[in-house]
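Step one of this worksheet: look at the structure below.
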Amino acid sequence: MYLCTKMKKKFVVFGLLLLLGSQAQGQIKSLQDSLDAARITAVREKMRNTTQTGLMRMDAKELKSGVAVFGTPDVIKKLQMLPGVAAGNELMSGLYVHGGDGNDNLFLLDGIPLYNISHFGGLFSSFNTDVIDNLDFYKSGFPARYGGRLSSVVDVETREGDMEKYHGSVSLGLIDGRLQVEGPIIKGKTSFNLGLRRSWMEAISIPAIWYANRRNGEDQTVGGGYSMSDINARITHRFSPGHTLNACFYTGSDNLRASQEEKLRDEESHSGNNLMKIGVKWGSLTASLSDKYEFSKKLRTKNVLYYSQSSSDTGYEFSFWTWNEGDRITSMNDSDKAYVRELGLRSDWDWYPNNYHHVRYGLSAQYHWYHSGRSFVSSTPGMDGEPILSEDSEATGYRSLEPALYAEDEIFLRYNLTVNLGLRYALFKTGSKLYHSPEPRVAFKWLIHNSLSAKLSYTRMSQFAHLVSAVYMDLPSNSWMPSTDSARPMVSEQVAGGLYFTPHKYWKIHLEGWYKTMNHLLAYNGSNTFTPPLTEWEKSFTEGRGRSYGMELEATYSTGKLSLTAYYTLSWTWRRFEELYNDWYPDRNDNRHKINLVASWHFTPNWSLFANWNYHSGNRITFPSHYIMEGSRRFLYDAPYNTRLPAYHRLDLGIDFNKTFRNGHSLGVNLSIYNAYNHLNASLAFLETREDGTFYGMAYGLIPIIPTITATYKF
């Protein structure tokens, strides 16, 4: 009788929904939105309730919502909002985690390491949110299955294509356009997911170049352009519910060209041409084949074979010639090429021997090719009219092997106490040098109460690859080099712990702290140049240490429609390089305080509002503290990074509109305003001179308010 009554109630509810028509449609849409929000909350809480500290998980919906700078949702800019992360230069894709140097983050795309993760010099990242399924971001408490970098892990997984029907999306932004298509190849068995992205800044620059050439006249001509593109592709085949094969491919490229030709004339009617050309190309390519097989509910494996490549080609050409003196030509040509290639194999296993253990173990092997080369050729006219050639070139290359083994066990000691014990053991062989690195990992979780838990972790990480750069900028001319006899692997050790409190279903409060040490760091110590020497490059770098410590606070209030989050970071980051300074000094990204306020309001089923307010203590620079007179002024410095720039703050606003049509297609429009109150934050600083001869520092802002609009059509 009770069952019949329950069934009758279900039919009554169903009938009422049919009668309500469009009103019911709106209610269903509202219910779907609530379910989406609930899914995000559930996924996030599930990840935070794991044993590891410092873990954040985001899904595709969260990555694509909110403010989109230049109309492109960006993974790295989402991560920059989180506590414990510094962004470095404004608008760039820098990621400085817990005092890291920015080149010590492990970026994985479908399990494949990426060495270059930015487009357009760092304005946005290489990750296309249209094809991403989820992202795991670790700042501490790294599981033993991850290794090779010191500071963080960004593990991005693309989405398998739909096995049953075709659909996709088209997006048009301020500087790029995107196309995503997925569907079955063999229905129920094989699917594909394809994402394309292409900039049209080259088309935008055409009228600007035309106007500049028209204004300059015949005596000066400029040219050039910039283009960016990337492709993500994934094919999935299911042999059975427990056996899946995936083939993944990614390629991304940037191409920048600039030229200027100037005609010169003097009073004696001598004439000549002055020509300058710059060409820069850089990009990445990855390909992988992975096989997932489930032997039983207690044992499954994933095996991956992959190839990853990052390369750059920078060229500079200058020439000057005169016609009145017998075609006397002076020219210079500079070319820089660099690449890193990696062939890898991974085998990961999951074993559930009983209800109290979850064992993960596996092995990996990576074979690396590192190469950097530079050539310079100049030609100057001699006394007899014949050109005098001068050539200079240098190149260096390394091959290395990096095998590793790992094992970790998630042990449920009691209903409220969990421990994760892990060990990773890595070897690195390059030339005649062999390094080995044992890396223990330990993490504890104590469920004090249903709404309160505590965590503690210890991790040791090693990094065998160094980014060789003479400036703190993400330039294509930067080169990756392996550890050698005189450039030892970098090592970090980190202790982290925290309290995680859920006092109410709408509230979450998380408090974490960390202490981290870094050894065998490298700092450039050569002459002022954009490109350091390549042969014996180690002599241009000095070895030192680093340490970082602080606390992070996150407080979130979320009802599904309204979400308010406050992030606060209090941190200290220090460096010590004996050849530069004989004591500890603050790092350039030592931002003492960082506050991020994030709000979203889904006030109707079709409309959403977003707001982000960002504040942090200013970055640091090195300014002279004294000067002495030795014919002319000679500046002296009391310590590196002895001056802090003004505090940084800005407000970003966004609004989303989404309309679903009767055929199931939808149209979405995002309007975003970066730096809404147009505050020019300090990007550069120079030493200025007063009329009385004294000096003062002057900071300059470069990034104004930037409004953008993006339209997305889903079919």
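Starting from 1 in every chain, residues are counted up; chains themselves are A, B, ... following the order of the structure tokens, and ligands are numbered from 1 as listed.
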task = Mind the document's chain letters and residue numbers, and return as a PyMOL selection string the residues of range 137-375 of chain A that DSSP labels alpha helix (DSSP H).
result = chain A and resi 201-216
key: Those of range 127-158 of chain A in DSSP strand (DSSP E or B), formatted as number ranges by chain   = A: 132-138, 152-158
task = Give me the residues within 10 Å of range 446-458 of chain A as a PyMOL selection string, counting only C-alpha atoms and dropping any in the same chain fewer than 5 places off.
result = chain A and resi 49-54+140-142+414-421+440-441+493-505+508-516
Near range 712-715 of chain A, within 8 Å and counting only C-alpha atoms, which residues show up once chain neighbours fewer than 6 positions away are dropped, as a tab-separated table (two decimals) with N, CA and C atoms, in the first residue's frame?
chain	number	residue	atom	x	y	z
A	167	HIS	N	28.12	16.98	-30.78
A	167	HIS	CA	27.84	18.35	-30.34
A	167	HIS	C	29.16	19.09	-30.21
A	168	GLY	N	29.09	20.38	-29.96
A	168	GLY	CA	30.30	21.19	-29.88
A	168	GLY	C	29.97	22.63	-29.57
A	169	SER	N	30.93	23.51	-29.80
A	169	SER	CA	30.76	24.93	-29.51
A	169	SER	C	31.68	25.75	-30.39
A	170	VAL	N	31.26	26.99	-30.63
A	170	VAL	CA	32.05	27.98	-31.36
A	170	VAL	C	32.12	29.23	-30.49
A	171	SER	N	33.33	29.77	-30.25
A	171	SER	CA	33.50	30.95	-29.42
A	171	SER	C	34.30	32.01	-30.16
A	172	LEU	N	33.85	33.25	-30.03
A	172	LEU	CA	34.54	34.39	-30.64
A	172	LEU	C	34.89	35.38	-29.54
A	664	GLY	N	17.76	22.56	-28.26
A	664	GLY	CA	18.84	22.13	-27.38
A	664	GLY	C	20.12	22.93	-27.53
A	665	HIS	N	20.22	23.75	-28.58
A	665	HIS	CA	21.39	24.61	-28.75
A	665	HIS	C	21.31	25.76	-27.75
A	666	SER	N	22.45	26.40	-27.51
A	666	SER	CA	22.46	27.52	-26.57
A	666	SER	C	23.44	28.59	-27.02
A	667	LEU	N	23.19	29.80	-26.57
A	667	LEU	CA	24.05	30.94	-26.85
A	667	LEU	C	24.49	31.55	-25.53
A	668	GLY	N	25.79	31.74	-25.37
A	668	GLY	CA	26.34	32.36	-24.18
A	668	GLY	C	27.16	33.58	-24.53
A	669	VAL	N	27.01	34.63	-23.75
A	669	VAL	CA	27.76	35.87	-23.96
A	669	VAL	C	28.41	36.25	-22.63
Spatial neighbours of range 195-210 of chain A, 7 Å, only C-alpha atoms, chain gap at least 3 places, as a PyMOL selection string = chain A and resi 130-131+175-181+213-214+222-223+225-233
query = So, counting only C-alpha atoms, which residue among A:Tyr307, A:Phe444, A:Tyr435, A:Tyr648 is closest to His679 in chain A?
reply = A:Tyr648
ask   = Which neighbours of Thr542 in chain A fall inside 12 Å, counting only C-alpha atoms, when residues of the same chain fewer than 5 positions from it are skipped, and could you give them as a ChimeraX atom specification?
value = /A:468,486-488,520-526,537,576-581
task = Can you pull out every residue within 7 Å of Phe376 in chain A, counting only C-alpha atoms, but drop anything in the same chain fewer than 4 positions away, and send it as a PyMOL selection string?
result = chain A and resi 333-335+391-393
Restricting the output to N, CA and C atoms, write the selected residues as a compact mmCIF listing (two decimals), in the first residue's frame.
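The result, written out as part-v1.txt:
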# COMPACT_ATOMS: atom_id res chain seq x y z
N ASN A 333 73.57 39.42 -38.51
CA ASN A 333 72.53 38.40 -38.44
C ASN A 333 72.76 37.55 -37.19
N ASP A 334 71.73 37.50 -36.34
CA ASP A 334 71.83 36.76 -35.08
C ASP A 334 70.70 35.73 -35.05
N SER A 335 71.02 34.47 -34.74
CA SER A 335 70.03 33.41 -34.72
C SER A 335 70.20 32.56 -33.46
N GLU A 391 82.29 35.70 -38.03
CA GLU A 391 81.33 34.68 -37.61
C GLU A 391 81.64 34.21 -36.21
N ASP A 392 80.58 33.96 -35.46
CA ASP A 392 80.72 33.45 -34.10
C ASP A 392 79.53 32.55 -33.82
N SER A 393 79.77 31.41 -33.29
CA SER A 393 78.67 30.49 -33.00
C SER A 393 79.03 29.65 -31.78
Enumerate, in order of chain and increasing residue number, the residues of range 200-309 of chain A with an atom no farther than 8 Å from range 352-372 of chain A, each with its shortest atom pair and distance in Å to one decimal, counting only C-alpha atoms, as a tab-separated table.
residue	atom	partner	partner_atom	distance
A:Lys297	CA	A:Tyr352	CA	7.9
A:Lys298	CA	A:Tyr352	CA	4.6
A:Leu299	CA	A:Tyr352	CA	6.5
query = Quick one: of A:Leu106, A:Asp59, A:Gly100, A:Leu194, who's nearest to Arg547 in chain A, counting only C-alpha atoms?
reply =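 Result for the nearest residue to Arg547 in chain A: A:Gly100.
Here the question is which of A:Met473, A:Pro489, A:Ser296, A:Glu410 gets nearest to Ala443 in chain A using only C-alpha atoms, and that residue is A:Glu410.
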